[in-house]
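Coordinates as given in coords.pdb (PDB, C-alpha atoms):
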```pdb
ATOM      1  CA  MET Q   1      19.325  -9.139  11.454  1.00  0.00           C
ATOM      2  CA  GLN Q   2      18.691  -7.669   8.021  1.00  0.00           C
ATOM      3  CA  LEU Q   3      20.407  -4.398   7.209  1.00  0.00           C
ATOM      4  CA  VAL Q   4      19.396  -1.646   4.834  1.00  0.00           C
ATOM      5  CA  THR Q   5      21.985   0.546   3.150  1.00  0.00           C
ATOM      6  CA  LEU Q   6      20.834   4.155   3.009  1.00  0.00           C
ATOM      7  CA  THR Q   7      22.542   6.486   0.564  1.00  0.00           C
ATOM      8  CA  ALA Q   8      22.181  10.253   0.847  1.00  0.00           C
ATOM      9  CA  PRO Q   9      22.188  12.517  -2.226  1.00  0.00           C
ATOM     10  CA  ASP Q  10      25.746  13.581  -1.326  1.00  0.00           C
ATOM     11  CA  GLY Q  11      26.900   9.935  -1.456  1.00  0.00           C
ATOM     12  CA  HIS Q  12      27.115   9.426   2.326  1.00  0.00           C
ATOM     13  CA  ARG Q  13      26.097   5.860   3.250  1.00  0.00           C
ATOM     14  CA  GLU Q  14      24.898   4.255   6.445  1.00  0.00           C
ATOM     15  CA  ARG Q  15      23.667   0.755   7.245  1.00  0.00           C
ATOM     16  CA  TRP Q  16      20.606   0.549   9.459  1.00  0.00           C
ATOM     17  CA  ASP Q  17      18.695  -2.461  10.665  1.00  0.00           C
ATOM     18  CA  MET Q  18      15.371  -3.047   8.943  1.00  0.00           C
ATOM     19  CA  LYS Q  19      13.153  -2.356  11.964  1.00  0.00           C
ATOM     20  CA  THR Q  20      14.856   0.941  12.853  1.00  0.00           C
ATOM     21  CA  THR Q  21      14.641   2.035   9.212  1.00  0.00           C
ATOM     22  CA  TYR Q  22      10.941   1.204   9.051  1.00  0.00           C
ATOM     23  CA  LEU Q  23      10.172   3.014  12.325  1.00  0.00           C
ATOM     24  CA  ALA Q  24      12.189   6.056  11.236  1.00  0.00           C
ATOM     25  CA  LEU Q  25      10.355   6.159   7.890  1.00  0.00           C
ATOM     26  CA  LEU Q  26       7.010   5.798   9.660  1.00  0.00           C
ATOM     27  CA  SER Q  27       7.863   8.672  11.986  1.00  0.00           C
ATOM     28  CA  TRP Q  28       9.069  10.867   9.099  1.00  0.00           C
ATOM     29  CA  TYR Q  29       5.977   9.972   7.045  1.00  0.00           C
ATOM     30  CA  SER Q  30       3.682  10.901   9.955  1.00  0.00           C
ATOM     31  CA  TYR Q  31       5.436  14.231  10.282  1.00  0.00           C
ATOM     32  CA  LEU Q  32       5.185  14.952   6.527  1.00  0.00           C
ATOM     33  CA  LYS Q  33       1.467  14.064   6.471  1.00  0.00           C
ATOM     34  CA  ASP Q  34       0.644  16.907   8.858  1.00  0.00           C
ATOM     35  CA  THR Q  35       3.523  19.374   8.996  1.00  0.00           C
ATOM     36  CA  ASP Q  36       1.212  22.228  10.005  1.00  0.00           C
ATOM     37  CA  ASN Q  37       0.034  20.566  13.214  1.00  0.00           C
ATOM     38  CA  ALA Q  38       2.919  18.200  13.862  1.00  0.00           C
ATOM     39  CA  LYS Q  39       5.392  18.459  16.660  1.00  0.00           C
ATOM     40  CA  GLU Q  40       9.043  18.612  15.732  1.00  0.00           C
ATOM     41  CA  PRO Q  41      10.122  15.374  14.008  1.00  0.00           C
ATOM     42  CA  THR Q  42      11.940  12.826  16.140  1.00  0.00           C
ATOM     43  CA  GLU Q  43      15.719  12.609  15.968  1.00  0.00           C
ATOM     44  CA  LEU Q  44      15.422   9.339  14.062  1.00  0.00           C
ATOM     45  CA  ALA Q  45      12.973  10.884  11.570  1.00  0.00           C
ATOM     46  CA  THR Q  46      15.309  13.836  11.063  1.00  0.00           C
ATOM     47  CA  ARG Q  47      18.247  11.473  10.469  1.00  0.00           C
ATOM     48  CA  ILE Q  48      16.398   9.416   7.848  1.00  0.00           C
ATOM     49  CA  SER Q  49      15.080  12.532   6.116  1.00  0.00           C
ATOM     50  CA  LYS Q  50      18.640  13.240   4.976  1.00  0.00           C
ATOM     51  CA  PHE Q  51      18.513   9.980   2.997  1.00  0.00           C
ATOM     52  CA  VAL Q  52      14.929   9.921   1.707  1.00  0.00           C
ATOM     53  CA  GLY Q  53      14.090  13.612   1.334  1.00  0.00           C
ATOM     54  CA  GLY Q  54      10.791  15.360   1.927  1.00  0.00           C
ATOM     55  CA  ASP Q  55       8.634  13.948  -0.890  1.00  0.00           C
ATOM     56  CA  ILE Q  56       5.800  12.241   0.987  1.00  0.00           C
ATOM     57  CA  LYS Q  57       4.967   9.926  -1.945  1.00  0.00           C
ATOM     58  CA  GLN Q  58       8.564   8.712  -2.120  1.00  0.00           C
ATOM     59  CA  VAL Q  59       8.665   8.157   1.654  1.00  0.00           C
ATOM     60  CA  HIS Q  60       5.419   6.164   1.389  1.00  0.00           C
ATOM     61  CA  THR Q  61       6.946   4.062  -1.399  1.00  0.00           C
ATOM     62  CA  PHE Q  62       9.936   3.252   0.827  1.00  0.00           C
ATOM     63  CA  LEU Q  63       7.565   2.292   3.654  1.00  0.00           C
ATOM     64  CA  VAL Q  64       5.580  -0.094   1.442  1.00  0.00           C
ATOM     65  CA  TYR Q  65       8.805  -1.533  -0.009  1.00  0.00           C
ATOM     66  CA  LEU Q  66      10.222  -2.260   3.450  1.00  0.00           C
ATOM     67  CA  ASP Q  67       6.900  -3.567   4.730  1.00  0.00           C
ATOM     68  CA  GLY Q  68       7.100  -6.189   1.994  1.00  0.00           C
ATOM     69  CA  PHE Q  69       9.881  -7.896   3.941  1.00  0.00           C
ATOM     70  CA  ASN Q  70       7.629  -8.290   7.003  1.00  0.00           C
ATOM     71  CA  GLY Q  71       5.445 -11.366   6.777  1.00  0.00           C
ATOM     72  CA  ASP Q  72       7.250 -12.503   3.619  1.00  0.00           C
ATOM     73  CA  LEU Q  73       5.006 -10.496   1.271  1.00  0.00           C
ATOM     74  CA  TYR Q  74       7.495 -10.718  -1.605  1.00  0.00           C
ATOM     75  CA  SER Q  75       7.332 -14.530  -1.485  1.00  0.00           C
ATOM     76  CA  LYS Q  76       3.539 -14.416  -1.374  1.00  0.00           C
ATOM     77  CA  LEU Q  77       3.471 -12.079  -4.365  1.00  0.00           C
ATOM     78  CA  SER Q  78       5.931 -14.294  -6.205  1.00  0.00           C
ATOM     79  CA  LEU Q  79       3.688 -17.323  -5.630  1.00  0.00           C
ATOM     80  CA  LEU Q  80       0.726 -15.437  -7.075  1.00  0.00           C
ATOM     81  CA  THR Q  81       2.474 -13.934 -10.121  1.00  0.00           C
ATOM     82  CA  ASN Q  82       5.110 -16.561 -10.945  1.00  0.00           C
ATOM     83  CA  ASN Q  83       7.653 -13.687 -11.006  1.00  0.00           C
ATOM     84  CA  ASP Q  84       6.077 -12.273 -14.147  1.00  0.00           C
ATOM     85  CA  ASP Q  85       5.229  -8.564 -14.393  1.00  0.00           C
ATOM     86  CA  LYS Q  86       2.523  -9.397 -16.971  1.00  0.00           C
ATOM     87  CA  ASN Q  87       0.452 -11.229 -14.340  1.00  0.00           C
ATOM     88  CA  THR Q  88       0.809  -8.454 -11.786  1.00  0.00           C
ATOM     89  CA  THR Q  89      -1.721  -5.957 -13.157  1.00  0.00           C
ATOM     90  CA  ARG Q  90      -4.479  -8.551 -13.445  1.00  0.00           C
ATOM     91  CA  LEU Q  91      -3.686  -9.844  -9.958  1.00  0.00           C
ATOM     92  CA  TYR Q  92      -3.793  -6.296  -8.581  1.00  0.00           C
ATOM     93  CA  PHE Q  93      -7.298  -5.651  -9.894  1.00  0.00           C
ATOM     94  CA  ILE Q  94      -8.551  -9.046  -8.739  1.00  0.00           C
ATOM     95  CA  MET Q  95      -7.175  -8.394  -5.237  1.00  0.00           C
ATOM     96  CA  LYS Q  96      -8.841  -4.955  -5.224  1.00  0.00           C
ATOM     97  CA  SER Q  97     -12.147  -6.586  -6.186  1.00  0.00           C
ATOM     98  CA  ILE Q  98     -12.119  -8.961  -3.197  1.00  0.00           C
ATOM     99  CA  ASN Q  99     -14.631  -7.759  -0.588  1.00  0.00           C
ATOM    100  CA  ASN Q 100     -15.698  -4.970  -2.982  1.00  0.00           C
ATOM    101  CA  HIS Q 101     -19.488  -4.859  -3.003  1.00  0.00           C
ATOM    102  CA  ASP Q 102     -19.476  -2.804  -6.207  1.00  0.00           C
ATOM    103  CA  TYR Q 103     -17.638  -5.513  -8.171  1.00  0.00           C
ATOM    104  CA  LEU Q 104     -19.432  -6.463 -11.396  1.00  0.00           C
ATOM    105  CA  SER Q 105     -18.906 -10.048 -12.508  1.00  0.00           C
ATOM    106  CA  HIS Q 106     -17.913 -10.989 -16.059  1.00  0.00           C
ATOM    107  CA  ASN Q 107     -19.071 -13.848 -18.216  1.00  0.00           C
ATOM    108  CA  LYS Q 108     -19.123 -17.294 -16.583  1.00  0.00           C
ATOM    109  CA  LYS Q 109     -15.810 -18.495 -18.034  1.00  0.00           C
ATOM    110  CA  LYS Q 110     -13.898 -15.393 -16.936  1.00  0.00           C
ATOM    111  CA  GLU Q 111     -15.609 -15.487 -13.561  1.00  0.00           C
ATOM    112  CA  ARG Q 112     -14.457 -19.096 -12.998  1.00  0.00           C
ATOM    113  CA  GLU Q 113     -10.876 -18.069 -13.854  1.00  0.00           C
ATOM    114  CA  ARG Q 114     -11.138 -15.111 -11.492  1.00  0.00           C
ATOM    115  CA  GLN Q 115     -12.514 -17.308  -8.714  1.00  0.00           C
ATOM    116  CA  LYS Q 116      -9.544 -19.679  -9.039  1.00  0.00           C
ATOM    117  CA  ILE Q 117      -7.212 -16.708  -8.585  1.00  0.00           C
ATOM    118  CA  VAL Q 118      -9.277 -15.402  -5.644  1.00  0.00           C
ATOM    119  CA  ASP Q 119      -9.074 -18.851  -4.016  1.00  0.00           C
ATOM    120  CA  ARG Q 120      -5.296 -18.839  -4.510  1.00  0.00           C
ATOM    121  CA  ILE Q 121      -5.028 -15.334  -3.027  1.00  0.00           C
ATOM    122  CA  GLU Q 122      -7.058 -16.400   0.005  1.00  0.00           C
ATOM    123  CA  GLN Q 123      -4.825 -19.454   0.412  1.00  0.00           C
ATOM    124  CA  VAL Q 124      -1.582 -17.458   0.165  1.00  0.00           C
ATOM    125  CA  THR Q 125      -2.822 -14.715   2.527  1.00  0.00           C
ATOM    126  CA  SER Q 126      -4.447 -17.219   4.907  1.00  0.00           C
ATOM    127  CA  ASN Q 127      -7.624 -15.229   4.285  1.00  0.00           C
ATOM    128  CA  ASP Q 128      -6.200 -12.387   6.416  1.00  0.00           C
ATOM    129  CA  GLU Q 129      -7.630  -8.993   5.427  1.00  0.00           C
ATOM    130  CA  ASN Q 130      -4.610  -7.042   6.724  1.00  0.00           C
ATOM    131  CA  THR Q 131      -2.184  -9.217   4.738  1.00  0.00           C
ATOM    132  CA  LEU Q 132      -4.348  -8.691   1.648  1.00  0.00           C
ATOM    133  CA  LYS Q 133      -4.273  -4.886   2.108  1.00  0.00           C
ATOM    134  CA  ARG Q 134      -0.493  -4.899   2.534  1.00  0.00           C
ATOM    135  CA  LEU Q 135      -0.116  -7.162  -0.507  1.00  0.00           C
ATOM    136  CA  ILE Q 136      -2.305  -4.812  -2.571  1.00  0.00           C
ATOM    137  CA  ARG Q 137      -0.087  -1.840  -1.603  1.00  0.00           C
ATOM    138  CA  LEU Q 138       3.054  -3.781  -2.541  1.00  0.00           C
ATOM    139  CA  THR Q 139       1.554  -5.014  -5.823  1.00  0.00           C
ATOM    140  CA  LYS Q 140       0.630  -1.430  -6.714  1.00  0.00           C
ATOM    141  CA  LEU Q 141       4.358  -0.535  -6.661  1.00  0.00           C
ATOM    142  CA  PHE Q 142       4.889  -3.145  -9.386  1.00  0.00           C
ATOM    143  CA  VAL Q 143       1.824  -2.028 -11.368  1.00  0.00           C
ATOM    144  CA  ASP Q 144       2.974   1.604 -11.188  1.00  0.00           C
ATOM    145  CA  GLY Q 145       6.438   0.588 -12.403  1.00  0.00           C
ATOM    146  CA  GLN Q 146       8.220   1.595  -9.215  1.00  0.00           C
ATOM    147  CA  LEU Q 147       9.356  -2.017  -8.709  1.00  0.00           C
ATOM    148  CA  SER Q 148       9.863  -4.794 -11.236  1.00  0.00           C
ATOM    149  CA  TYR Q 149      11.052  -8.382 -11.109  1.00  0.00           C
ATOM    150  CA  LYS Q 150      13.827  -7.553 -13.600  1.00  0.00           C
ATOM    151  CA  ASN Q 151      15.248  -4.923 -11.233  1.00  0.00           C
ATOM    152  CA  MET Q 152      15.019  -7.222  -8.202  1.00  0.00           C
ATOM    153  CA  LYS Q 153      17.142 -10.039  -9.634  1.00  0.00           C
ATOM    154  CA  GLY Q 154      20.546 -10.127  -8.018  1.00  0.00           C
TER     155      GLY Q 154
END
```
Structure encoded using structure tokens:
Amino acid sequence: MQLVTLTAPDGHRERWDMKTTYLALLSWYSYLKDTDNAKEPTELATRISKFVGGDIKQVHTFLVYLDGFNGDLYSKLSLLTNNDDKNTTRLYFIMKSINNHDYLSHNKKKERERQKIVDRIEQVTSNDENTLKRLIRLTKLFVDGQLSYKNMKG
């Protein structure tokens, strides 16, 4: 069982299992998305809110980060980028262009390069649309600078 260490702003720490943490974040995120019409948050959501706060964007970032451990998304991303932040932005836009009917192709040479990357993406994701969407969300954290390979090295 994988554990997550949660640290509150006051320094208080707790270790939670990954699944409980993810479910608590999901519950808290759902509550934050619609506070006007939402019922009271669950006890678990209230407990995790003390660690992650009430910023919905930050809670979403934590959700995407944790989701990366399900289905080995970090390994898939690593295979596609060779652990290099420079390849990540290009990969992100190529992934976003897959199944996009508005995509405009480039010159033939660039299009062949792109198609090789698309083929590799389809291989790594087993051509699963849900895995691709999750991988796009995770890759966006790297593109936005919220995660980086340098920071992830032990």
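Applied to the file shown here, the PyMOL selection byres ((chain Q and resi 38-44) around 10) selects the residues Q:Thr20, Q:Thr21, Q:Leu23, Q:Ala24, Q:Leu25, Q:Ser27, Q:Trp28, Q:Tyr29, Q:Ser30, Q:Tyr31, Q:Leu32, Q:Lys33, Q:Asp34, Q:Thr35, Q:Asp36, Q:Asn37, Q:Ala45, Q:Thr46, Q:Arg47, Q:Ile48, Q:Ser49.
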Let me know the residues the PyMOL selection byres ((chain Q and resi 121) around 12) catches in the file above, as a PDB file with C-alpha atoms, keeping the file's coordinate frame.
```
ATOM      1  CA  LEU Q  73       5.006 -10.496   1.271  1.00  0.00           C
ATOM      2  CA  LYS Q  76       3.539 -14.416  -1.374  1.00  0.00           C
ATOM      3  CA  LEU Q  77       3.471 -12.079  -4.365  1.00  0.00           C
ATOM      4  CA  SER Q  78       5.931 -14.294  -6.205  1.00  0.00           C
ATOM      5  CA  LEU Q  79       3.688 -17.323  -5.630  1.00  0.00           C
ATOM      6  CA  LEU Q  80       0.726 -15.437  -7.075  1.00  0.00           C
ATOM      7  CA  THR Q  81       2.474 -13.934 -10.121  1.00  0.00           C
ATOM      8  CA  LEU Q  91      -3.686  -9.844  -9.958  1.00  0.00           C
ATOM      9  CA  TYR Q  92      -3.793  -6.296  -8.581  1.00  0.00           C
ATOM     10  CA  ILE Q  94      -8.551  -9.046  -8.739  1.00  0.00           C
ATOM     11  CA  MET Q  95      -7.175  -8.394  -5.237  1.00  0.00           C
ATOM     12  CA  LYS Q  96      -8.841  -4.955  -5.224  1.00  0.00           C
ATOM     13  CA  SER Q  97     -12.147  -6.586  -6.186  1.00  0.00           C
ATOM     14  CA  ILE Q  98     -12.119  -8.961  -3.197  1.00  0.00           C
ATOM     15  CA  ARG Q 114     -11.138 -15.111 -11.492  1.00  0.00           C
ATOM     16  CA  GLN Q 115     -12.514 -17.308  -8.714  1.00  0.00           C
ATOM     17  CA  LYS Q 116      -9.544 -19.679  -9.039  1.00  0.00           C
ATOM     18  CA  ILE Q 117      -7.212 -16.708  -8.585  1.00  0.00           C
ATOM     19  CA  VAL Q 118      -9.277 -15.402  -5.644  1.00  0.00           C
ATOM     20  CA  ASP Q 119      -9.074 -18.851  -4.016  1.00  0.00           C
ATOM     21  CA  ARG Q 120      -5.296 -18.839  -4.510  1.00  0.00           C
ATOM     22  CA  GLU Q 122      -7.058 -16.400   0.005  1.00  0.00           C
ATOM     23  CA  GLN Q 123      -4.825 -19.454   0.412  1.00  0.00           C
ATOM     24  CA  VAL Q 124      -1.582 -17.458   0.165  1.00  0.00           C
ATOM     25  CA  THR Q 125      -2.822 -14.715   2.527  1.00  0.00           C
ATOM     26  CA  SER Q 126      -4.447 -17.219   4.907  1.00  0.00           C
ATOM     27  CA  ASN Q 127      -7.624 -15.229   4.285  1.00  0.00           C
ATOM     28  CA  ASP Q 128      -6.200 -12.387   6.416  1.00  0.00           C
ATOM     29  CA  GLU Q 129      -7.630  -8.993   5.427  1.00  0.00           C
ATOM     30  CA  THR Q 131      -2.184  -9.217   4.738  1.00  0.00           C
ATOM     31  CA  LEU Q 132      -4.348  -8.691   1.648  1.00  0.00           C
ATOM     32  CA  LYS Q 133      -4.273  -4.886   2.108  1.00  0.00           C
ATOM     33  CA  LEU Q 135      -0.116  -7.162  -0.507  1.00  0.00           C
ATOM     34  CA  ILE Q 136      -2.305  -4.812  -2.571  1.00  0.00           C
TER      35      ILE Q 136
END
```
Find the residue from Q:Asp144, Q:Asp17, Q:Glu111, Q:Asp102 that sits nearest to Leu66 of chain Q; use all atoms listed in the file when measuring.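 Ranked by minimum distance to Leu66 of chain Q, first place goes to Q:Asp17.
The smallest atom-to-atom distance between Gly53 of chain Q and any of Q:Thr7, Q:Tyr65, Q:Gly71, Q:Arg137, using all atoms listed in the file, is found for Q:Thr7.
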Excluding same-chain residues fewer than 3 positions from Tyr22 of chain Q, what lies within 8 Å of it counting only C-alpha atoms, as a PyMOL selection string? chain Q and resi 18-19+25-26+63+66-67
What does the distance from atom CA of Glu113 of chain Q to atom CA of Gln146 of chain Q come to in Å, to one decimal?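 The value is 27.8 Å.
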From the list Q:Gln58, Q:Gln2, Q:Asn107, Q:Thr89, which residue is nearest Thr139 of chain Q when using all atoms listed in the file?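 Under the stated criterion, the closest residue is Q:Thr89.
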In Å, how far is it from atom CA of Leu138 of chain Q to atom CA of Phe93 of chain Q?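 One can read the atom CA of Leu138 of chain Q to atom CA of Phe93 of chain Q distance as 12.8 Å.
Atom CA of His60 of chain Q sits 18.3 Å away from atom CA of Pro9 of chain Q.
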Restricting to only C-alpha atoms, whichever of Q:Lys57, Q:Lys110, Q:Lys50, Q:Arg13 is closest to Leu141 of chain Q is Q:Lys57
